[in-house]
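Chemist: Structure below; questions to follow.
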Number of protein chains: 2
Amino acid sequence: MGNGRDSGYSQSRKQNNTDQRGKKVMTPKTQEMLDRLKIFFDEEEHLNNAAHIVQFDMETLCPPAAMEAAGDTASYLTNKIFLIHRNPEFLEAASWLYDHRDELDEFDRTMAEQLHREDARICRVTPEQDREFSKTYNKAYADWLKAKQKSDFAAFAPSLKAVREVELTRVDLMTEKSPVVYDNLLDLYERGMTSAKLDEIFDKCRTRLVPLLRKIMSSEKVIRRDFVTRTVDEIAQEKMARYLLETIGFDFERGAFSTTEHPFTDSMGPDDERVTTHFFPNLFLSSMYSTIHEGGHALFDQNQPREDWTHHIYEGKTMGQHESVSRFYENVIGRSEAFIHLIYPKVKELFPDAMFDVTERELYEAVNIVKPSLIRTEADEFTYIFHIMIRYEIEKMIVAGEVEIDDLPKIWNDKYEEYLGVRPSDDASGVLQDVHWTSGFGYFPTYALGNMYNSMYAARMRKEIDVDEAVANGNFALINDWMAENVWKKADRLAPADWIRDITGRELSPDDFLDYLEKKYSALYGL
Amino acid sequence: MGNGRDSGYSQSRKQNNTDQRGKKVMTPKTQEMLDRLKIFFDEEEHLNNAAHIVQFDMETLCPPAAMEAAGDTASYLTNKIFLIHRNPEFLEAASWLYDHRDELDEFDRTMAEQLHREDARICRVTPEQDREFSKTYNKAYADWLKAKQKSDFAAFAPSLKAVREVELTRVDLMTEKSPVVYDNLLDLYERGMTSAKLDEIFDKCRTRLVPLLRKIMSSEKVIRRDFVTRTVDEIAQEKMARYLLETIGFDFERGAFSTTEHPFTDSMGPDDERVTTHFFPNLFLSSMYSTIHEGGHALFDQNQPREDWTHHIYEGKTMGQHESVSRFYENVIGRSEAFIHLIYPKVKELFPDAMFDVTERELYEAVNIVKPSLIRTEADEFTYIFHIMIRYEIEKMIVAGEVEIDDLPKIWNDKYEEYLGVRPSDDASGVLQDVHWTSGFGYFPTYALGNMYNSMYAARMRKEIDVDEAVANGNFALINDWMAENVWKKADRLAPADWIRDITGRELSPDDFLDYLEKKYSALYGL
């Protein structure tokens with residue numbers, strides 16, 4: 001721990017009143033304010049725990065007729081947290097601590113800074129507005145679920161319009177903001193990121209990946225995929241999911257596993273990490289990789305420093321940082337030859353009817369096949385980024401008011417045709433496929449950024465440990481320890497740009513990711 | 001609805017200021033107090049919903065390491081409800097409404113009376129005490145779970161002693177109470193019931209059932225039971241559970257179904273009824289009847305008048321009333337020849353390997369076999385009441401301080417040997433088998449009272465509709481409509497003694513139940 005690396009504080013450390021390590025000595029008033037916050041946080045912890053459990057329940061077991069009431073209850077609880085953060089005594093303490101942050105240790109300083117940023121975001125939001133926002137998001141979720149079941153975008157459109165209004169209102173109420181409306185939403189998920197930077201990243205990707213995709217599509221290479229649609233019953237798939245989670249090091253004592261429509265992972269609390277998945281009887285690989293992806297998220301949460309919880313900074317990490325980890329386990333590790341070597345015997349054992357005539361090499365090739373498709377969550381590692389670029393372009397337009405919500409199905413379908421050469425025949429497999437817009441815009445780009453980050457730290461990891469050997473032997477302790485020390489430890493404390501620089505010594509760029517794809521897929525397709 | 005039947009209020013209705021139906025006209029102040037309470041109840045509804053979901057989660061999915069934190073969160077939420085009920089403004093309104101209850105309609109009057117009784121029970125309990133009580137109960141649950149897994153009563157004993165202390169403290173703090181300590185706990189679950197009355201009821205049962213059990217045990221009748229321990233996989237059992245719930249009329253739009261260690265049913269809210277069960281691979285009949293039992297509870301909740309929720313009186317029904325319904329569906333209906341006739345084809349279809357050589361008659365006999373055993377939840381309909389008498393006698397002694405907690409395993413085992421001729425070989429199948437004592441004493445007798453009530457109303461039902469024909473044809477709408485009109489409608493408003501008199505015109509007695517057992521089992525065993 002010791003002193004942080006945030007250069008902004010170095011000056012104050014040179015002043016008087018510092019202890020032997022250069023930190024200013026804490027005054028009794030600062031201690032008092034810190035103690036006061038801890039009391040509020042104790043209460044928040046319970047409300048947060050309950051809200052997460054209610055929301056988890058809504059996505060897994062809650063009966064249809066009770067969804068709205070459960071959503072209201074979740075809103076009530078999150079509104080209570082909001083009220084704590086708007087309490088004058090809380091705000092006084094937060095403000096004092098921010099002003100005296102040079103007296104704090106690195107964890108408490110991070111907490112004070114987080115609260116300061118939050119205040120700039122919400123100080124003009126009334127409790128009634130905040131509650132209304134939550135209700136809108138929760139109703140959107142319920143409507144989306146129904147609309148998707150009926151494959152009818154029109155049934156979701158009014159809710160999506162309402163979400164858009166809420167998003168614009170939220171930006172409008174921020175006290176410190178970018179003139180680019182969308183960037184303010186992006187910043188909620190990926191602190192410091194801008195659409196200008198993203199445009200640059202995606203341009204680079206487009207330049208190198210479009211020609212590469214053409215080459216792959218015209219390659220002579222034949223990859224076997226007849227077996228991937230063979231039927232595998234749910235019991236066997238569940239055993240596989242548990243095996244995969246155990247293999248990568250998920251701690252079942254401190255976590256649980258369940259099923260849902262749209263898989264996700266969430267922390268109910270420091271010792272309660274929930275992973276969900278969805279079993280498709282005729283797409284067993286899909287369930288497997290979804291589980292590894294969610295398991296990656298879970299490893300991140302289960303291995304973050306416990307101080308991050310006790311100092312209440314556990315939400316400091318961004319979605320891009322989180323996705324970098326989930327996609328590291330899913331793709332960089334999970335779709336490697338070493339991992340296939342490790343799990344191949346178990347896949348044959350649990351899915352004998354689907355795997356009886358499949359070789360290890362055929363399994364490796366099948367999990368890496370490049371095939372433009374409609375559904376993001378089913379996309380291969382290579383074409384995945386195109387799904388993100390489509391969503392990014394559309395949500396930028398939605399926020400900028402450059403499209404009518406009602407036109408989205410057509411716009412969506414046109415873009416799929418343009419980028420990937422496929423066109424959805426219905427809304428369920430088109431614009432309604434993802435849950436994300438029920439809670440706002442700006443999330444999708446973080447999936448792509450995750451790839452950039454993990455390619456960068458994977459490059460360093462490979463210089464320090466023999467990753468393939470560890471994976472092939474199932475020695476995930478070695479991998480996870482490296483991740484804990486280098487990737488997870490400071491994620492709650494450093495902004496993504498500082499964090500990736502801290503890990504790799506370099507600035508964020510898509511180059512490592514593009515190199516990785518080029519090398520892997522050139523080999524696979526014999527280009 | 002109109003005027004209630006509570007004779008206590010007839011006098012006030014003869015006064016002036018009454019409307020054309022004899023009810024006093026509501027003053028503006030009374031209206032104001034009523035409106036004030038509704039605002040508090042809105043908040044309580046969310047807290048209650050969340051607390052139930054958190055507790056449901058603890059019993060179904062919550063990981064081991066998070067149980068204590070989840071328990072703390074549940075305590076926090078229930079304590080918040082407690083604080084609402086202790087809020088001076090709430091109490092002022094409640095007190096006003098009770099004093100002016102002759103101005104209220106029957107629902108609001110019930111609400112005012114419930115609050116008055118509650119006040120007498122808790123007005124001397126401080127918020128800190130209440131929170132401590134909840135924590136004790138929640139910790140006892142977690143400890144019991146671990147102790148049962150290890151079959152080690154000593155690991156649970158400290159928690160049970162703590163529960164006993166809490167129970168005694170709670171009674172001590174009541175402002176209106178019986179000198180018989182145990183009766184005050186009993187009253188929490190079965191309003192108006194006393195141990196004197198219970199002693200009388202159980203004496204009658206003992207007098208008639210002990211000789212009958214001897215006759216049954218010495219009967220020549222052979223009942224086939226080789227097939228009941230045949231293996232049935234969980235998937236098939238789950239299908240059966242869903243079929244049974246659908247058959248008896250459980251509404252899946254407004255309810256959910258899950259698995260747990262100790263099956264229970266609970267309402268998260270008016271449209272969210274949860275039924276749980278536990279599948280034993282080699283005891284498929286056990287899972288089936290547990291599901292019907294819990295389904296009976298669920299039908300009661302799902303069909304109570306919605307006014308009971310809106311007027312906040314939904315907890316007016318007692319445990320005995322609730323158990324009467326669950327045991328009506330489980331036993332009176334579920335173990336009848338008509339019901340077996342209805343489900344037999346489905347049982348054969350779903351469990352072909354277990355049922356291939358079993359006739360309808362053999363299935364009927366197997367679900368009604370009389371066989372003294374160790375586990376209450378596995379007990380047959382006939383010997384079940386002995387399990388209750390044992391627990392009743394022990395918990396009376398615990399509360400009266402006539403036993404040492406540490407001696408319970410021996411006392412328990414001795415009583416089983418005395419009453420049923422069987423002796424547990426370990427704590428898990430002995431004194432640790434039930435969850436109930438983790439939340440106090442006085443619950444068990446309600447199971448037995450349920451049998452008395454349902455035998456009485458079943459006798460009237462049989463006079464009015466052809467129950468066997470309806471059941472054999474799967475016409476549960478007829479049964480459930482009768483139950484809704486006669487049994488469920490006023491359960492939240494009338495005390496059990498008034499309620500059973502309202503349904504049957506008679507006072508509570510075990511006679512119908514004893515007649516029913518004697519008739520059914522004499523026929524089955526050819527006595």
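Residues are referred to by chain and number: the chain letter is A, B, ... according to the order shown in the structure tokens, the number counts from 1 in that chain, and ligands are numbered separately from 1 in the order shown.
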Quick one: which residues from chain B are at most 7 Å off chain A, using only C-alpha atoms, as a ChimeraX atom specification?

Modeler: /B:46,49-50,53-54,61-66,73,76,252-256,271-272

Chemist: DSSP on the backbone: which residues in region 215-432 of chain B end up as alpha helix (DSSP H)? Give the answer as a ChimeraX atom specification.

Modeler: /B:215-217,234-248,284-302,306-310,319-327,337-350,352-355,360-366,384-400,408-420

Chemist: Do you know which residues are at most 10 Å from Val228 (chain B) counting only C-alpha atoms, after dropping those on the same chain fewer than 3 positions away, and could you put them as a PyMOL selection string?

Modeler: chain B and resi 224-225+231-232+282-286+354-355+363+366-367

Chemist: If we count only C-alpha atoms, what is near Tyr182 (chain A) at a cut-off of 10 Å, once residues fewer than 5 positions away on the same chain are taken out, given as a list in words?

Modeler: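 The residues that qualify are Glu167, Leu168, Val171, Asp187, Thr194, Ser195, Glu395, Lys396, Met397, Ile398, Val399, Ala400, Phe441 and Gly442 of chain A.
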
Chemist: For the residues selected in the previous step, produce a file with C-alpha atoms as a PDB file, in the first residue's frame.

Modeler:
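The new file result.pdb reads:
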```
ATOM      1  CA  GLU A 167     -30.320   9.127 -19.831  1.00  0.00           C
ATOM      2  CA  LEU A 168     -30.480  12.612 -21.312  1.00  0.00           C
ATOM      3  CA  VAL A 171     -26.465  13.952 -18.273  1.00  0.00           C
ATOM      4  CA  ASP A 187     -17.658   7.681 -18.657  1.00  0.00           C
ATOM      5  CA  THR A 194     -14.202   9.295 -25.014  1.00  0.00           C
ATOM      6  CA  SER A 195     -15.920   8.617 -28.309  1.00  0.00           C
ATOM      7  CA  GLU A 395     -26.325   4.005 -29.452  1.00  0.00           C
ATOM      8  CA  LYS A 396     -24.270   7.077 -30.292  1.00  0.00           C
ATOM      9  CA  MET A 397     -27.003   8.013 -32.777  1.00  0.00           C
ATOM     10  CA  ILE A 398     -29.787   7.264 -30.281  1.00  0.00           C
ATOM     11  CA  VAL A 399     -28.212   9.543 -27.700  1.00  0.00           C
ATOM     12  CA  ALA A 400     -27.523  12.264 -30.267  1.00  0.00           C
ATOM     13  CA  PHE A 441     -26.305   3.457 -23.110  1.00  0.00           C
ATOM     14  CA  GLY A 442     -22.521   3.415 -23.132  1.00  0.00           C
TER      15      GLY A 442
END
```

Chemist: Counting only C-alpha atoms, what is within 10 Å of Ala154 (chain A), bar same-chain residues fewer than 6 positions away, as a ChimeraX atom specification?

Modeler: /A:147,160,405-407,409,427

Chemist: Could you write those residues out with C-alpha atoms, as a PDB file, in the first residue's frame?

Modeler:
```
ATOM      1  CA  ALA A 147     -41.157  -8.061 -26.058  1.00  0.00           C
ATOM      2  CA  LEU A 160     -36.644   2.403 -24.685  1.00  0.00           C
ATOM      3  CA  ILE A 405     -36.405   4.699 -31.879  1.00  0.00           C
ATOM      4  CA  ASP A 406     -39.132   3.135 -34.014  1.00  0.00           C
ATOM      5  CA  ASP A 407     -36.691   2.800 -36.926  1.00  0.00           C
ATOM      6  CA  PRO A 409     -35.056  -2.653 -36.217  1.00  0.00           C
ATOM      7  CA  ASP A 427     -36.540  -8.638 -33.646  1.00  0.00           C
TER       8      ASP A 427
END
```

Chemist: Run DSSP on the backbone and tell me which residues of region 246-345 of chain B come out as strand (DSSP E or B); list them as an MDAnalysis selection string.

Modeler: chainID B and resid 255:259 265:269 272:277

Chemist: Taking C-alpha atoms for each residue, export the selection above as a compact mmCIF listing (two decimals), in the first residue's frame.

Modeler:
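Output (again-v3.txt):
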```
# COMPACT_ATOMS: atom_id res chain seq x y z
CA GLY B 255 -45.73 -18.12 -7.93
CA ALA B 256 -42.49 -20.02 -8.26
CA PHE B 257 -41.13 -23.39 -7.35
CA SER B 258 -37.65 -24.26 -6.10
CA THR B 259 -35.68 -26.78 -4.04
CA THR B 265 -43.81 -22.14 1.44
CA ASP B 266 -43.80 -18.39 1.77
CA SER B 267 -45.40 -15.31 0.27
CA MET B 268 -42.98 -12.69 -1.01
CA GLY B 269 -46.03 -10.57 -1.85
CA ASP B 272 -45.40 -14.03 -5.50
CA GLU B 273 -45.97 -17.30 -3.67
CA ARG B 274 -42.97 -19.61 -3.37
CA VAL B 275 -43.18 -23.35 -2.93
CA THR B 276 -40.06 -25.40 -2.24
CA THR B 277 -39.45 -29.10 -2.09
```

Chemist: Write out as a count of residues only each polymer residue whose atoms come within 10 Å of Arg109 (chain B), counting only C-alpha atoms; drop sequence neighbours fewer than 4 positions from it.

Modeler: 15

Chemist: Show which residues sit within 9 Å of region 340-353 of chain B, as a list in words. Count only C-alpha atoms, and ignore same-chain residues fewer than 4 positions away.

Modeler: Arg230, Thr231, Val232, Asp233, Ala236, Gln237, Lys239, Met240, Tyr243, Leu244, Gly334, Arg335, Ser336, Asp357, Val358, Thr359, Glu360, Arg361, Leu363, Tyr364, Val471, Ala472, Asn473 and Gly474 of chain B
